[in-house]
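One file, data-v8.cif, is given below (mmCIF, C-alpha atoms).
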data_start
#
loop_
_atom_site.label_atom_id
_atom_site.label_comp_id
_atom_site.auth_asym_id
_atom_site.auth_seq_id
_atom_site.Cartn_x
_atom_site.Cartn_y
_atom_site.Cartn_z
CA MET A 102 0.00 0.00 0.00
CA LYS A 103 1.39 3.39 -0.99
CA ILE A 104 0.73 6.09 1.56
CA LEU A 105 0.64 9.74 0.40
CA LYS A 106 4.20 11.00 0.11
CA ASN A 107 3.40 14.30 1.79
CA LEU A 108 1.40 12.81 4.68
CA ALA A 109 2.70 14.33 7.92
CA LEU A 110 3.05 11.90 10.86
CA SER A 111 3.81 13.20 14.31
CA ASP A 112 5.18 11.05 17.13
CA THR A 113 2.11 12.04 19.17
CA GLY A 114 -0.09 10.16 16.67
CA PHE A 115 -1.36 13.30 14.93
CA VAL A 116 -1.71 12.72 11.19
CA PHE A 117 -2.10 15.60 8.73
CA ASN A 118 -2.91 15.35 5.04
CA PRO A 119 -1.63 18.63 3.55
CA SER A 120 -3.43 17.98 0.25
CA THR A 121 -6.90 18.05 1.81
CA GLY A 122 -6.31 19.72 5.17
CA ASP A 123 -7.77 16.68 6.96
CA SER A 124 -6.24 15.65 10.27
CA PHE A 125 -6.58 12.46 12.32
CA SER A 126 -5.40 10.93 15.55
CA VAL A 127 -4.08 7.38 15.64
CA ASN A 128 -2.89 5.23 18.51
CA PRO A 129 0.73 3.97 18.69
CA ILE A 130 -0.16 0.78 16.79
CA GLY A 131 -1.78 2.75 13.95
CA LEU A 132 1.14 5.18 13.89
CA GLY A 133 3.58 2.27 13.59
CA ILE A 134 1.65 0.87 10.63
CA LEU A 135 1.49 4.23 8.85
CA LYS A 136 5.21 4.79 9.42
CA ASP A 137 5.98 1.34 8.05
CA PHE A 138 3.92 1.90 4.93
CA LYS A 139 5.52 5.31 4.48
CA ASP A 140 8.95 3.71 4.74
CA GLY A 141 7.96 1.41 1.89
CA LYS A 142 7.47 -1.76 3.93
CA SER A 143 5.11 -4.41 2.58
CA GLU A 144 1.99 -5.74 4.22
CA ASP A 145 3.87 -8.97 5.02
CA ASP A 146 6.75 -7.05 6.63
CA ILE A 147 4.27 -5.24 8.84
CA LYS A 148 2.48 -8.44 9.83
CA LYS A 149 5.82 -10.02 10.80
CA ARG A 150 6.82 -7.00 12.86
CA MET A 151 3.48 -7.00 14.65
CA MET A 152 3.62 -10.75 15.30
CA ALA A 153 6.97 -10.22 16.97
CA GLU A 154 5.83 -7.18 18.90
CA TYR A 155 2.36 -8.17 20.13
CA GLN A 156 1.27 -11.33 21.84
CA THR A 157 -1.66 -12.26 19.67
CA ASP A 158 -2.52 -14.71 16.90
CA LYS A 159 -1.90 -14.23 13.21
CA GLU A 160 -5.60 -14.10 12.31
CA THR A 161 -6.30 -11.19 14.66
CA ILE A 162 -3.35 -9.24 13.29
CA GLU A 163 -4.41 -9.91 9.69
CA LYS A 164 -8.00 -8.89 10.39
CA ASP A 165 -7.06 -5.70 12.28
CA LEU A 166 -4.46 -4.71 9.71
CA TYR A 167 -6.96 -5.27 6.90
CA ASP A 168 -9.54 -3.08 8.72
CA PHE A 169 -6.98 -0.36 9.28
CA MET A 170 -5.85 -0.42 5.65
CA LYS A 171 -9.45 -0.09 4.48
CA MET A 172 -9.83 2.88 6.78
CA ILE A 173 -6.69 4.49 5.35
CA GLU A 174 -8.11 4.07 1.86
CA GLN A 175 -11.48 5.44 2.90
CA PHE A 176 -9.87 8.57 4.28
CA ASN A 177 -7.99 9.12 1.00
CA LEU A 178 -4.54 8.74 2.51
CA THR A 179 -3.21 6.55 -0.27
CA GLU A 180 -1.47 7.48 -3.50
CA TYR A 181 -4.21 5.71 -5.43
CA HIS A 182 -6.74 8.30 -4.30
CA GLU A 183 -4.34 11.13 -5.00
CA GLN A 184 -4.13 10.11 -8.66
CA ALA A 185 -7.82 9.31 -9.12
CA MET B 232 17.95 47.94 5.36
CA SER B 233 16.00 51.01 6.43
CA LYS B 234 12.26 50.84 6.13
CA ARG B 235 10.36 53.16 3.83
CA ASN B 236 7.68 55.33 5.42
CA LEU B 237 4.40 55.00 3.57
CA THR B 238 0.85 56.21 4.05
CA ILE B 239 -1.59 53.60 2.81
CA ALA B 240 -5.37 53.96 2.56
CA VAL B 241 -7.41 50.79 2.97
CA THR B 242 -11.14 50.07 2.66
CA ALA B 243 -13.29 47.23 4.06
CA LEU B 244 -12.85 47.81 7.78
CA ASN B 245 -15.98 45.74 8.45
CA ASN B 246 -14.35 43.05 10.54
CA ILE B 247 -17.71 41.46 11.32
CA ASP B 248 -19.14 37.91 11.03
CA SER B 249 -18.86 38.21 7.26
CA PRO B 250 -15.60 40.13 7.33
CA GLY B 251 -14.12 42.43 4.75
CA PRO B 252 -10.43 42.02 3.92
CA GLY B 253 -9.37 45.46 5.21
CA ILE B 254 -8.14 44.53 8.68
CA PRO B 255 -6.21 41.42 7.54
CA VAL B 256 -4.60 43.52 4.79
CA ILE B 257 -3.63 46.15 7.36
CA ARG B 258 -2.17 43.49 9.68
CA ALA B 259 -0.10 42.21 6.76
CA LEU B 260 1.18 45.72 6.02
CA LYS B 261 2.00 46.31 9.68
CA ASP B 262 4.06 43.08 9.55
CA SER B 263 6.08 44.37 6.60
CA LYS B 264 9.85 44.26 6.96
CA LYS B 265 10.18 46.82 4.17
CA PHE B 266 7.80 49.61 5.19
CA ASN B 267 6.69 51.59 8.19
CA VAL B 268 3.06 52.24 7.42
CA ARG B 269 0.61 54.86 8.52
CA ILE B 270 -2.84 53.45 7.82
CA ILE B 271 -5.74 55.57 6.66
CA GLY B 272 -8.99 53.66 7.00
CA LEU B 273 -11.74 54.40 4.50
CA SER B 274 -15.16 53.44 5.83
CA TYR B 275 -18.75 53.43 4.64
CA ASP B 276 -20.50 52.89 7.96
CA ALA B 277 -19.86 54.33 11.40
CA LEU B 278 -20.02 50.87 12.98
CA GLU B 279 -17.26 49.23 10.96
CA PRO B 280 -15.11 47.79 13.77
CA GLY B 281 -11.82 48.75 12.11
CA ILE B 282 -12.58 52.44 12.67
CA TYR B 283 -12.04 51.89 16.39
CA MET B 284 -8.94 49.66 16.12
CA HIS B 285 -6.48 52.44 16.82
CA ASP B 286 -3.51 50.11 17.07
CA LEU B 287 -4.07 49.17 13.42
CA VAL B 288 -5.83 52.17 11.87
CA ASP B 289 -4.27 55.58 12.48
CA LYS B 290 -7.07 57.72 11.05
CA THR B 291 -10.38 56.93 9.38
CA TYR B 292 -12.42 58.87 6.86
CA GLN B 293 -15.91 58.01 5.68
CA ILE B 294 -16.17 57.80 1.92
CA PRO B 295 -19.33 57.91 -0.23
CA LEU B 296 -21.05 54.67 -1.20
CA PRO B 297 -20.15 53.33 -4.66
CA SER B 298 -23.62 54.28 -5.90
CA ALA B 299 -22.76 57.96 -5.39
CA GLY B 300 -20.44 57.73 -8.40
CA GLN B 301 -16.85 58.41 -9.30
CA GLN B 302 -16.87 62.19 -9.00
CA SER B 303 -18.17 62.06 -5.49
CA LEU B 304 -15.48 59.51 -4.53
CA LEU B 305 -12.79 61.57 -6.24
CA ASN B 306 -13.81 64.73 -4.38
CA ARG B 307 -13.57 62.91 -1.08
CA LEU B 308 -10.22 61.30 -1.92
CA GLU B 309 -8.82 64.70 -2.94
CA TYR B 310 -9.83 66.09 0.43
CA ILE B 311 -8.23 63.13 2.26
CA HIS B 312 -5.08 63.28 0.14
CA ASN B 313 -4.61 66.99 0.86
CA ILE B 314 -4.42 66.17 4.55
CA GLU B 315 -2.78 62.74 4.59
CA LYS B 316 -0.60 62.58 1.45
CA VAL B 317 -1.61 59.02 0.62
CA ASP B 318 1.06 56.97 -1.20
CA VAL B 319 -0.98 53.86 -1.97
CA ILE B 320 -4.66 52.99 -1.89
CA ILE B 321 -5.98 49.42 -1.53
CA PRO B 322 -9.70 49.03 -2.19
CA ASN B 323 -10.98 45.68 -0.91
CA PHE B 324 -14.67 45.56 -1.83
CA ASP B 325 -15.94 44.10 -5.10
CA ALA B 326 -18.68 46.73 -5.28
CA GLU B 327 -16.29 49.69 -5.11
CA LEU B 328 -13.65 48.36 -7.51
CA PHE B 329 -15.27 49.66 -10.68
CA ASN B 330 -15.01 53.25 -9.46
CA PHE B 331 -11.44 52.81 -8.25
CA ILE B 332 -10.37 51.19 -11.53
CA LYS B 333 -11.88 54.09 -13.45
CA LEU B 334 -10.17 56.62 -11.20
CA GLN B 335 -6.76 54.94 -10.95
CA ASP B 336 -5.03 57.14 -13.56
CA THR B 337 -6.40 60.33 -12.04
CA LEU B 338 -5.33 59.17 -8.60
CA LYS B 339 -1.86 58.31 -9.86
CA LYS B 340 -1.45 61.84 -11.22
CA MET B 341 -2.25 63.04 -7.71
CA GLY B 342 0.46 60.74 -6.34
CA ILE B 343 -1.83 57.98 -5.08
CA HIS B 344 -0.67 54.61 -6.41
CA SER B 345 -2.76 51.49 -6.72
CA PHE B 346 -2.40 48.04 -8.24
CA LEU B 347 -5.76 46.95 -9.60
CA PRO B 348 -7.01 44.60 -12.28
CA THR B 349 -7.79 46.17 -15.63
CA LEU B 350 -11.44 46.86 -16.40
CA GLU B 351 -11.41 43.98 -18.89
CA GLN B 352 -10.03 41.56 -16.27
CA PHE B 353 -12.56 42.82 -13.75
CA GLU B 354 -15.49 42.43 -16.13
CA GLU B 355 -14.69 39.06 -17.64
CA ARG B 356 -14.56 37.24 -14.29
CA HIS B 357 -18.01 38.38 -13.20
CA LYS B 358 -20.21 35.57 -11.94
CA TRP B 359 -22.52 35.88 -14.92
CA ALA B 360 -19.59 35.58 -17.35
CA LEU B 361 -17.84 32.68 -15.65
CA THR B 362 -18.76 30.08 -18.27
CA GLU B 363 -17.02 32.06 -21.02
CA PHE B 364 -14.13 32.69 -18.63
CA GLY B 365 -13.72 28.96 -18.04
CA THR B 366 -13.75 28.23 -21.75
CA LYS B 367 -11.19 30.96 -22.45
CA TYR B 368 -8.73 29.85 -19.77
CA HIS B 369 -9.43 26.09 -19.87
CA ILE B 370 -10.86 25.88 -16.36
CA HIS B 371 -13.91 23.73 -15.53
CA VAL B 372 -16.86 25.89 -14.52
CA PRO B 373 -20.29 24.64 -13.37
CA LYS B 374 -23.09 25.56 -15.74
CA SER B 375 -24.72 28.87 -14.79
CA LYS B 376 -27.17 31.46 -16.06
CA MET B 377 -28.48 34.87 -15.07
CA ILE B 378 -32.10 35.42 -14.24
CA ASN B 379 -33.90 38.70 -13.75
CA SER B 380 -37.37 37.68 -12.62
CA MET B 381 -39.07 35.26 -10.26
CA ALA B 382 -41.00 33.80 -13.19
CA GLU B 383 -37.80 32.19 -14.46
CA ILE B 384 -37.44 30.08 -11.30
CA HIS B 385 -39.97 27.58 -12.60
CA THR B 386 -37.86 26.78 -15.66
CA LEU B 387 -34.81 25.85 -13.58
CA ALA B 388 -35.81 22.33 -12.55
CA TYR B 389 -35.61 21.13 -16.12
CA GLU B 390 -32.44 23.01 -16.95
CA PHE B 391 -30.39 22.49 -13.77
CA GLY B 392 -32.20 20.00 -11.55
CA TYR B 393 -32.13 20.39 -7.78
CA PRO B 394 -30.19 21.22 -5.72
CA LEU B 395 -28.86 24.34 -7.41
CA VAL B 396 -27.02 27.42 -6.18
CA VAL B 397 -28.65 30.89 -6.06
CA LYS B 398 -26.08 33.69 -6.05
CA GLY B 399 -26.07 37.47 -5.75
CA LYS B 400 -24.18 39.54 -8.30
CA PHE B 401 -21.60 40.64 -5.75
CA TYR B 402 -22.07 38.57 -2.59
CA ASP B 403 -24.17 35.80 -1.06
CA ALA B 404 -24.85 32.29 -2.27
CA SER B 405 -27.33 29.67 -1.03
CA VAL B 406 -28.04 26.11 -2.05
CA ALA B 407 -31.72 25.61 -2.90
CA TYR B 408 -33.23 22.13 -2.77
CA SER B 409 -36.64 23.07 -4.19
CA PRO B 410 -38.29 25.77 -6.33
CA ASP B 411 -39.82 27.27 -3.17
CA GLN B 412 -36.40 27.61 -1.58
CA ALA B 413 -34.96 29.03 -4.80
CA LEU B 414 -37.75 31.62 -4.84
CA GLY B 415 -37.04 32.55 -1.23
CA TYR B 416 -33.32 33.01 -1.92
CA PHE B 417 -34.08 34.95 -5.10
CA ASN B 418 -36.10 37.47 -3.09
CA LYS B 419 -33.65 37.63 -0.20
CA ILE B 420 -30.50 38.05 -2.28
CA SER B 421 -31.97 40.36 -4.95
CA GLY B 422 -33.43 42.50 -2.15
CA LYS B 423 -29.94 42.99 -0.78
CA TRP B 424 -27.71 43.13 -3.86
CA GLY B 425 -30.13 43.79 -6.73
CA LEU B 426 -30.50 41.94 -10.03
CA PRO B 427 -29.43 39.85 -11.84
CA ILE B 428 -29.39 36.68 -9.79
CA ILE B 429 -27.03 33.94 -10.93
CA ILE B 430 -28.18 30.34 -10.94
CA GLN B 431 -25.35 27.83 -10.83
CA GLN B 432 -25.32 24.06 -11.10
CA TYR B 433 -24.57 22.45 -7.74
CA THR B 434 -21.22 20.65 -7.74
CA GLN B 435 -20.63 17.98 -5.12
CA GLY B 436 -17.22 18.11 -3.49
CA THR B 437 -14.97 20.00 -1.10
CA GLU B 438 -14.57 23.74 -1.37
CA VAL B 439 -10.95 24.81 -1.69
CA ASN B 440 -9.85 28.39 -2.12
CA LEU B 441 -6.69 30.15 -3.17
CA THR B 442 -5.46 33.65 -2.41
CA GLY B 443 -3.06 34.95 -5.02
CA ILE B 444 -1.46 37.98 -6.60
CA GLY B 445 -0.49 38.60 -10.21
CA ASP B 446 1.99 41.14 -11.54
CA GLY B 447 -0.05 42.16 -14.59
CA LYS B 448 2.55 40.62 -16.92
CA GLY B 449 1.41 37.01 -16.64
CA ASN B 450 3.40 36.02 -13.55
CA LEU B 451 1.87 34.61 -10.41
CA ILE B 452 3.79 36.45 -7.69
CA GLY B 453 2.33 34.46 -4.82
CA ALA B 454 -0.43 31.98 -4.04
CA VAL B 455 -1.59 29.99 -1.02
CA PRO B 456 -4.43 27.44 -1.20
CA MET B 457 -6.71 26.90 1.80
CA ARG B 458 -9.55 24.69 2.95
CA LYS B 459 -12.13 25.99 5.38
CA THR B 460 -12.15 23.79 8.46
CA TYR B 461 -14.87 25.67 10.33
CA ILE B 462 -17.65 27.42 8.44
CA THR B 463 -20.16 29.92 9.84
CA ASP B 464 -23.84 29.84 8.99
CA LYS B 465 -23.03 32.54 6.40
CA GLY B 466 -20.64 30.15 4.72
CA LYS B 467 -17.60 32.14 5.83
CA ALA B 468 -14.40 30.56 7.04
CA TRP B 469 -13.96 30.80 10.81
CA ALA B 470 -10.94 28.52 10.63
CA GLY B 471 -8.89 27.22 7.74
CA VAL B 472 -5.69 25.42 6.88
CA ALA B 473 -3.11 26.09 4.17
CA LEU B 474 -2.95 23.19 1.71
CA ASP B 475 -0.26 21.58 -0.36
CA ASP B 476 -2.26 21.51 -3.59
CA PRO B 477 -0.10 21.56 -6.73
CA LYS B 478 -3.08 21.14 -9.05
CA LEU B 479 -4.84 24.22 -7.69
CA MET B 480 -1.57 26.16 -7.85
CA ASP B 481 -1.27 25.12 -11.47
CA ILE B 482 -4.78 26.37 -12.24
CA ALA B 483 -3.93 29.74 -10.66
CA ARG B 484 -0.64 29.93 -12.58
CA LYS B 485 -2.37 29.18 -15.88
CA MET B 486 -5.11 31.71 -15.25
CA VAL B 487 -2.66 34.48 -14.39
CA LYS B 488 -0.51 33.62 -17.38
CA GLY B 489 -3.56 33.70 -19.64
CA ASN B 490 -5.27 36.87 -18.48
CA LYS B 491 -2.20 38.68 -17.03
CA TRP B 492 -4.10 39.30 -13.83
CA ARG B 493 -3.00 42.45 -12.03
CA GLY B 494 -3.35 42.58 -8.25
CA GLY B 495 -4.83 40.36 -5.58
CA PHE B 496 -7.47 37.75 -6.25
CA GLU B 497 -9.20 34.76 -4.75
CA LEU B 498 -10.20 31.58 -6.56
CA GLU B 499 -13.10 29.66 -5.06
CA MET B 500 -13.12 26.11 -6.36
CA ILE B 501 -14.87 22.81 -5.71
CA ARG B 502 -12.64 19.74 -5.71
CA THR B 503 -14.68 16.66 -6.54
CA ASP B 504 -14.02 13.13 -5.28
CA ARG B 505 -12.47 12.44 -8.67
CA ASN B 506 -9.95 15.21 -8.00
CA GLU B 507 -11.44 17.51 -10.63
CA TYR B 508 -11.55 21.24 -9.92
CA TYR B 509 -14.52 23.46 -10.74
CA LEU B 510 -14.26 27.23 -10.52
CA ILE B 511 -17.26 28.68 -8.73
CA GLU B 512 -16.07 32.23 -8.28
CA ILE B 513 -13.16 34.65 -8.73
CA ASN B 514 -12.96 37.57 -6.36
CA PRO B 515 -11.00 40.48 -7.83
CA ARG B 516 -9.28 41.37 -4.56
CA PHE B 517 -7.70 39.73 -1.54
CA PRO B 518 -10.01 37.53 0.55
CA ALA B 519 -10.67 38.19 4.24
CA TRP B 520 -8.40 35.24 5.08
CA VAL B 521 -5.39 36.74 3.26
CA TYR B 522 -3.47 36.99 6.53
CA LEU B 523 -3.09 33.19 6.42
CA ALA B 524 -0.78 33.72 3.43
CA VAL B 525 1.36 36.01 5.59
CA GLY B 526 1.41 33.36 8.33
CA ALA B 527 2.39 30.74 5.78
CA GLY B 528 5.30 32.85 4.57
CA GLN B 529 3.96 35.02 1.74
CA ASN B 530 3.06 38.64 2.46
CA HIS B 531 0.84 39.37 -0.54
CA PRO B 532 -0.35 42.85 0.56
CA GLU B 533 3.29 43.91 0.97
CA ALA B 534 4.06 42.64 -2.54
CA LEU B 535 1.04 44.53 -3.88
CA VAL B 536 2.27 47.80 -2.37
CA GLU B 537 5.72 47.27 -3.85
CA MET B 538 4.24 46.66 -7.30
CA ALA B 539 1.93 49.66 -6.93
CA LEU B 540 5.04 51.79 -6.35
CA GLY B 541 6.67 50.34 -9.46
CA ASP B 542 9.16 48.07 -7.70
CA GLU B 543 10.20 44.78 -9.25
CA VAL B 544 8.89 41.92 -7.13
CA LYS B 545 10.21 38.38 -7.38
CA PRO B 546 7.64 35.57 -7.13
CA PHE B 547 7.39 33.72 -3.84
CA THR B 548 8.59 30.16 -4.26
CA THR B 549 7.50 28.48 -1.03
CA TYR B 550 4.93 28.59 1.73
CA GLU B 551 4.22 26.43 4.74
CA SER B 552 1.27 24.10 4.26
CA GLY B 553 -0.51 23.06 7.44
CA LYS B 554 -0.44 26.60 8.82
CA MET B 555 -3.90 27.39 10.18
CA PHE B 556 -5.98 30.40 11.07
CA VAL B 557 -8.68 30.46 13.72
CA ARG B 558 -10.80 33.60 13.90
CA TYR B 559 -12.24 35.06 17.07
CA SER B 560 -14.70 37.76 18.00
CA TYR B 561 -13.83 40.54 20.42
CA ASP B 562 -15.93 43.24 22.01
CA GLN B 563 -14.22 46.58 21.67
CA ILE B 564 -15.26 49.22 24.15
CA VAL B 565 -15.85 52.49 22.33
CA ASP B 566 -16.53 55.92 23.79
CA LEU B 567 -19.73 57.48 22.53
CA LYS B 568 -17.65 60.55 21.63
CA GLU B 569 -15.75 58.53 19.03
CA PHE B 570 -18.93 57.20 17.48
CA GLU B 571 -20.32 60.73 17.52
CA THR B 572 -17.21 62.12 15.79
CA ILE B 573 -17.18 59.59 12.93
CA SER B 574 -20.96 59.88 12.54
CA THR B 575 -21.10 63.66 12.41
CA MET B 576 -17.68 64.75 11.15
CA GLY B 577 -17.03 61.75 8.85
CA GLU B 578 -13.54 61.24 10.23
CA LEU B 579 -11.90 59.92 13.35
#

For this file, produce the structure as structure tokens.
Amino acid sequence: MKILKNLALSDTGFVFNPSTGDSFSVNPIGLGILKDFKDGKSEDDIKKRMMAEYQTDKETIEKDLYDFMKMIEQFNLTEYHEQA
Amino acid sequence: MSKRNLTIAVTALNNIDSPGPGIPVIRALKDSKKFNVRIIGLSYDALEPGIYMHDLVDKTYQIPLPSAGQQSLLNRLEYIHNIEKVDVIIPNFDAELFNFIKLQDTLKKMGIHSFLPTLEQFEERHKWALTEFGTKYHIHVPKSKMINSMAEIHTLAYEFGYPLVVKGKFYDASVAYSPDQALGYFNKISGKWGLPIIIQQYTQGTEVNLTGIGDGKGNLIGAVPMRKTYITDKGKAWAGVALDDPKLMDIARKMVKGNKWRGGFELEMIRTDRNEYYLIEINPRFPAWVYLAVGAGQNHPEALVEMALGDEVKPFTTYESGKMFVRYSYDQIVDLKEFETISTMGEL
């Protein structure tokens, strides 16, 4: 998933999309995922990192990551939406 | 570098819930690193709040309403100039611009400089001419037409469908969802601003605006796009954020290159979900939120004054997106004596 290049991520979890002026708050887990995507990591890389970091099963991580990615898309934070 | 001392006259001191750009323009000029400014406020009404903002406005004179005509305005400006020796004048109301454009050469001979759009530029961006404007400069514009009577409302459903936008010739716009609503807005807006009324196709999307300034030679000297993040019931921005919007910047650049826009302007656009931009209005002067441009790193009113004085101004190349403005209201305490003086003597 390609996150907007100009998306601003703050360590406090504040997310700002300078193209639309929209802002969001994410928790540390969400921030970690956004940072990973922004750094060019793949969905599999992120799953592996989360498996190592959190004591939960693979299915839960896959489901939650999928939900979060859908939310990112819905809020137009991906390059795909930028080009549409 | 020593600062130049300048006396600058500014209109639109109505810093109310639907604010004029005068006070933000004055704040920008006061922030200038190139000038020390003495501000002469030009007001139309004794209750314009800027008249009483003595930290921003050094002296205020009432001027005649635009309907009084050019000669009446000129007589008043001659009187003011004899006392104040005005270097530059910045009119900020759409409705007064015609008179100021017509008088600009006469004023220049008196020593009062301005930097205004040409009459042709001013006329061709009128709301009722926007379709032709869009075609000429390759900008998408929602379909629109002028109407002059209530009887025409009943033909709109077929032509435009509902909702549609009912607009005044200078100010005001409301979205009507039925012929009854359209009729109500027709009466309300025409009662305030006169005829014609402009009917515009409703375009679904997010409103994005841009404040800019052109040098009259086809160069965009500065531009900052903004999205309103808090909107009043009058549709005015109470808060907004500067955007990083290359496509909107490109539209502004193309427009200024095409029509060689001279002076400040505001583009009001709708960005659709498909990332298409539709021009809904061009204001031929700075918007009331122009101070956001200063906050974001581009002092457009300062650049306008420099160009009015014939200085060469280099285009701004950057600004800080994400910079926000948040308006506030403030009760000034005013002595009755001051209100009496501006009301009876026409100056304060």

* To do: For the file shown, report as a list in words the outcome of the PyMOL selection byres ((chain B) within 10 of (chain A)) at residue level.
  => Thr437, Val439, Pro456, Met457, Arg458, Lys459, Thr460, Gly471, Val472, Ala473, Leu474, Asp475, Asp476, Pro477, Lys478, Arg502, Asp504, Arg505, Asn506, Glu507, Glu551, Ser552, Gly553, Lys554 and Met555 of chain B

* Selected by the PyMOL selection byres ((chain B and resi 488) around 10) in the shown coordinates: which residues, as a PyMOL selection string? -> chain B and resi 368+445-451+482-487+489-492

Given the file shown, determine the residues that the PyMOL selection byres ((chain B and resi 513) around 12) selects; report them as a PDB file with C-alpha atoms, in the frame of the given file.
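The new file result06.pdb reads:
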ATOM      1  CA  ASP B 325     -15.940  44.100  -5.100  1.00  0.00           C
ATOM      2  CA  GLN B 352     -10.030  41.560 -16.270  1.00  0.00           C
ATOM      3  CA  PHE B 353     -12.560  42.820 -13.750  1.00  0.00           C
ATOM      4  CA  GLU B 354     -15.490  42.430 -16.130  1.00  0.00           C
ATOM      5  CA  GLU B 355     -14.690  39.060 -17.640  1.00  0.00           C
ATOM      6  CA  ARG B 356     -14.560  37.240 -14.290  1.00  0.00           C
ATOM      7  CA  HIS B 357     -18.010  38.380 -13.200  1.00  0.00           C
ATOM      8  CA  LYS B 358     -20.210  35.570 -11.940  1.00  0.00           C
ATOM      9  CA  TRP B 359     -22.520  35.880 -14.920  1.00  0.00           C
ATOM     10  CA  ALA B 360     -19.590  35.580 -17.350  1.00  0.00           C
ATOM     11  CA  LEU B 361     -17.840  32.680 -15.650  1.00  0.00           C
ATOM     12  CA  THR B 362     -18.760  30.080 -18.270  1.00  0.00           C
ATOM     13  CA  PHE B 364     -14.130  32.690 -18.630  1.00  0.00           C
ATOM     14  CA  GLY B 365     -13.720  28.960 -18.040  1.00  0.00           C
ATOM     15  CA  ILE B 370     -10.860  25.880 -16.360  1.00  0.00           C
ATOM     16  CA  VAL B 372     -16.860  25.890 -14.520  1.00  0.00           C
ATOM     17  CA  PHE B 401     -21.600  40.640  -5.750  1.00  0.00           C
ATOM     18  CA  TYR B 402     -22.070  38.570  -2.590  1.00  0.00           C
ATOM     19  CA  ASN B 440      -9.850  28.390  -2.120  1.00  0.00           C
ATOM     20  CA  LEU B 441      -6.690  30.150  -3.170  1.00  0.00           C
ATOM     21  CA  THR B 442      -5.460  33.650  -2.410  1.00  0.00           C
ATOM     22  CA  GLY B 443      -3.060  34.950  -5.020  1.00  0.00           C
ATOM     23  CA  ALA B 483      -3.930  29.740 -10.660  1.00  0.00           C
ATOM     24  CA  MET B 486      -5.110  31.710 -15.250  1.00  0.00           C
ATOM     25  CA  VAL B 487      -2.660  34.480 -14.390  1.00  0.00           C
ATOM     26  CA  TRP B 492      -4.100  39.300 -13.830  1.00  0.00           C
ATOM     27  CA  GLY B 495      -4.830  40.360  -5.580  1.00  0.00           C
ATOM     28  CA  PHE B 496      -7.470  37.750  -6.250  1.00  0.00           C
ATOM     29  CA  GLU B 497      -9.200  34.760  -4.750  1.00  0.00           C
ATOM     30  CA  LEU B 498     -10.200  31.580  -6.560  1.00  0.00           C
ATOM     31  CA  GLU B 499     -13.100  29.660  -5.060  1.00  0.00           C
ATOM     32  CA  MET B 500     -13.120  26.110  -6.360  1.00  0.00           C
ATOM     33  CA  TYR B 509     -14.520  23.460 -10.740  1.00  0.00           C
ATOM     34  CA  LEU B 510     -14.260  27.230 -10.520  1.00  0.00           C
ATOM     35  CA  ILE B 511     -17.260  28.680  -8.730  1.00  0.00           C
ATOM     36  CA  GLU B 512     -16.070  32.230  -8.280  1.00  0.00           C
ATOM     37  CA  ASN B 514     -12.960  37.570  -6.360  1.00  0.00           C
ATOM     38  CA  PRO B 515     -11.000  40.480  -7.830  1.00  0.00           C
ATOM     39  CA  ARG B 516      -9.280  41.370  -4.560  1.00  0.00           C
ATOM     40  CA  PHE B 517      -7.700  39.730  -1.540  1.00  0.00           C
ATOM     41  CA  PRO B 518     -10.010  37.530   0.550  1.00  0.00           C
TER      42      PRO B 518
END

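Computed from the coordinates, the CA of Asn306 (chain B) to CA of Glu578 (chain B) distance equals 15.0 Å.
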
* Asked: Which residue gives the smallest distance to Thr575 (chain B) among B:Ala277, B:Leu334, B:Ile311, B:Leu237, with all atoms listed in the file counted?
  -> B:Ala277

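One distance worth recording is that between CA of Ile254 (chain B) and CA of Leu287 (chain B), which is 7.8 Å.
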
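Going from CA of Asp112 (chain A) over to CA of Ile134 (chain A), you cover 12.6 Å.
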
* To do: Do a neighbour search on Gln431 (chain B) at 10 Å with only C-alpha atoms, toss out local chain neighbours closer than 4 positions, and write the hits as a PyMOL selection string.
  => chain B and resi 358-359+372-377+391+394-398+404+406+511

Nearby residues, (0.1, 11.1, 20.3) file frame, 8 Å, only C-alpha atoms, as a PDB file with C-alpha atoms, in the coordinates of the input:
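result_30.pdb was written with the following content:
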ATOM      1  CA  SER A 111       3.810  13.200  14.310  1.00  0.00           C
ATOM      2  CA  ASP A 112       5.180  11.050  17.130  1.00  0.00           C
ATOM      3  CA  THR A 113       2.110  12.040  19.170  1.00  0.00           C
ATOM      4  CA  GLY A 114      -0.090  10.160  16.670  1.00  0.00           C
ATOM      5  CA  PHE A 115      -1.360  13.300  14.930  1.00  0.00           C
ATOM      6  CA  SER A 126      -5.400  10.930  15.550  1.00  0.00           C
ATOM      7  CA  VAL A 127      -4.080   7.380  15.640  1.00  0.00           C
ATOM      8  CA  ASN A 128      -2.890   5.230  18.510  1.00  0.00           C
ATOM      9  CA  PRO A 129       0.730   3.970  18.690  1.00  0.00           C
TER      10      PRO A 129
END

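For region 291-296 of chain B, the residues within 8 Å (counting only C-alpha atoms, excluding itself and residues fewer than 5 positions away along the chain) are Ile271, Gly272, Leu273, Ser274, Tyr275, Asp276, Ala277, Ile282, Ser303, Leu304, Arg307, Leu308, Ile311, Glu327, Ile573, Gly577, Glu578 and Leu579 of chain B.
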
Quick one: 6 Å padding each side, axis-aligned, all listed atoms of region 349-363 of chain B - centre and edge lengths in Å to one decimal, as lines of an AutoDock Vina configuration file?
center_x = -15.2
center_y = 38.5
center_z = -16.5
size_x = 26.7
size_y = 28.8
size_z = 21.1

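Using only C-alpha atoms, the smallest distance between any of A:Ile162, A:Met172, A:Leu135, A:Leu108 and Lys149 (chain A) comes from A:Ile162.
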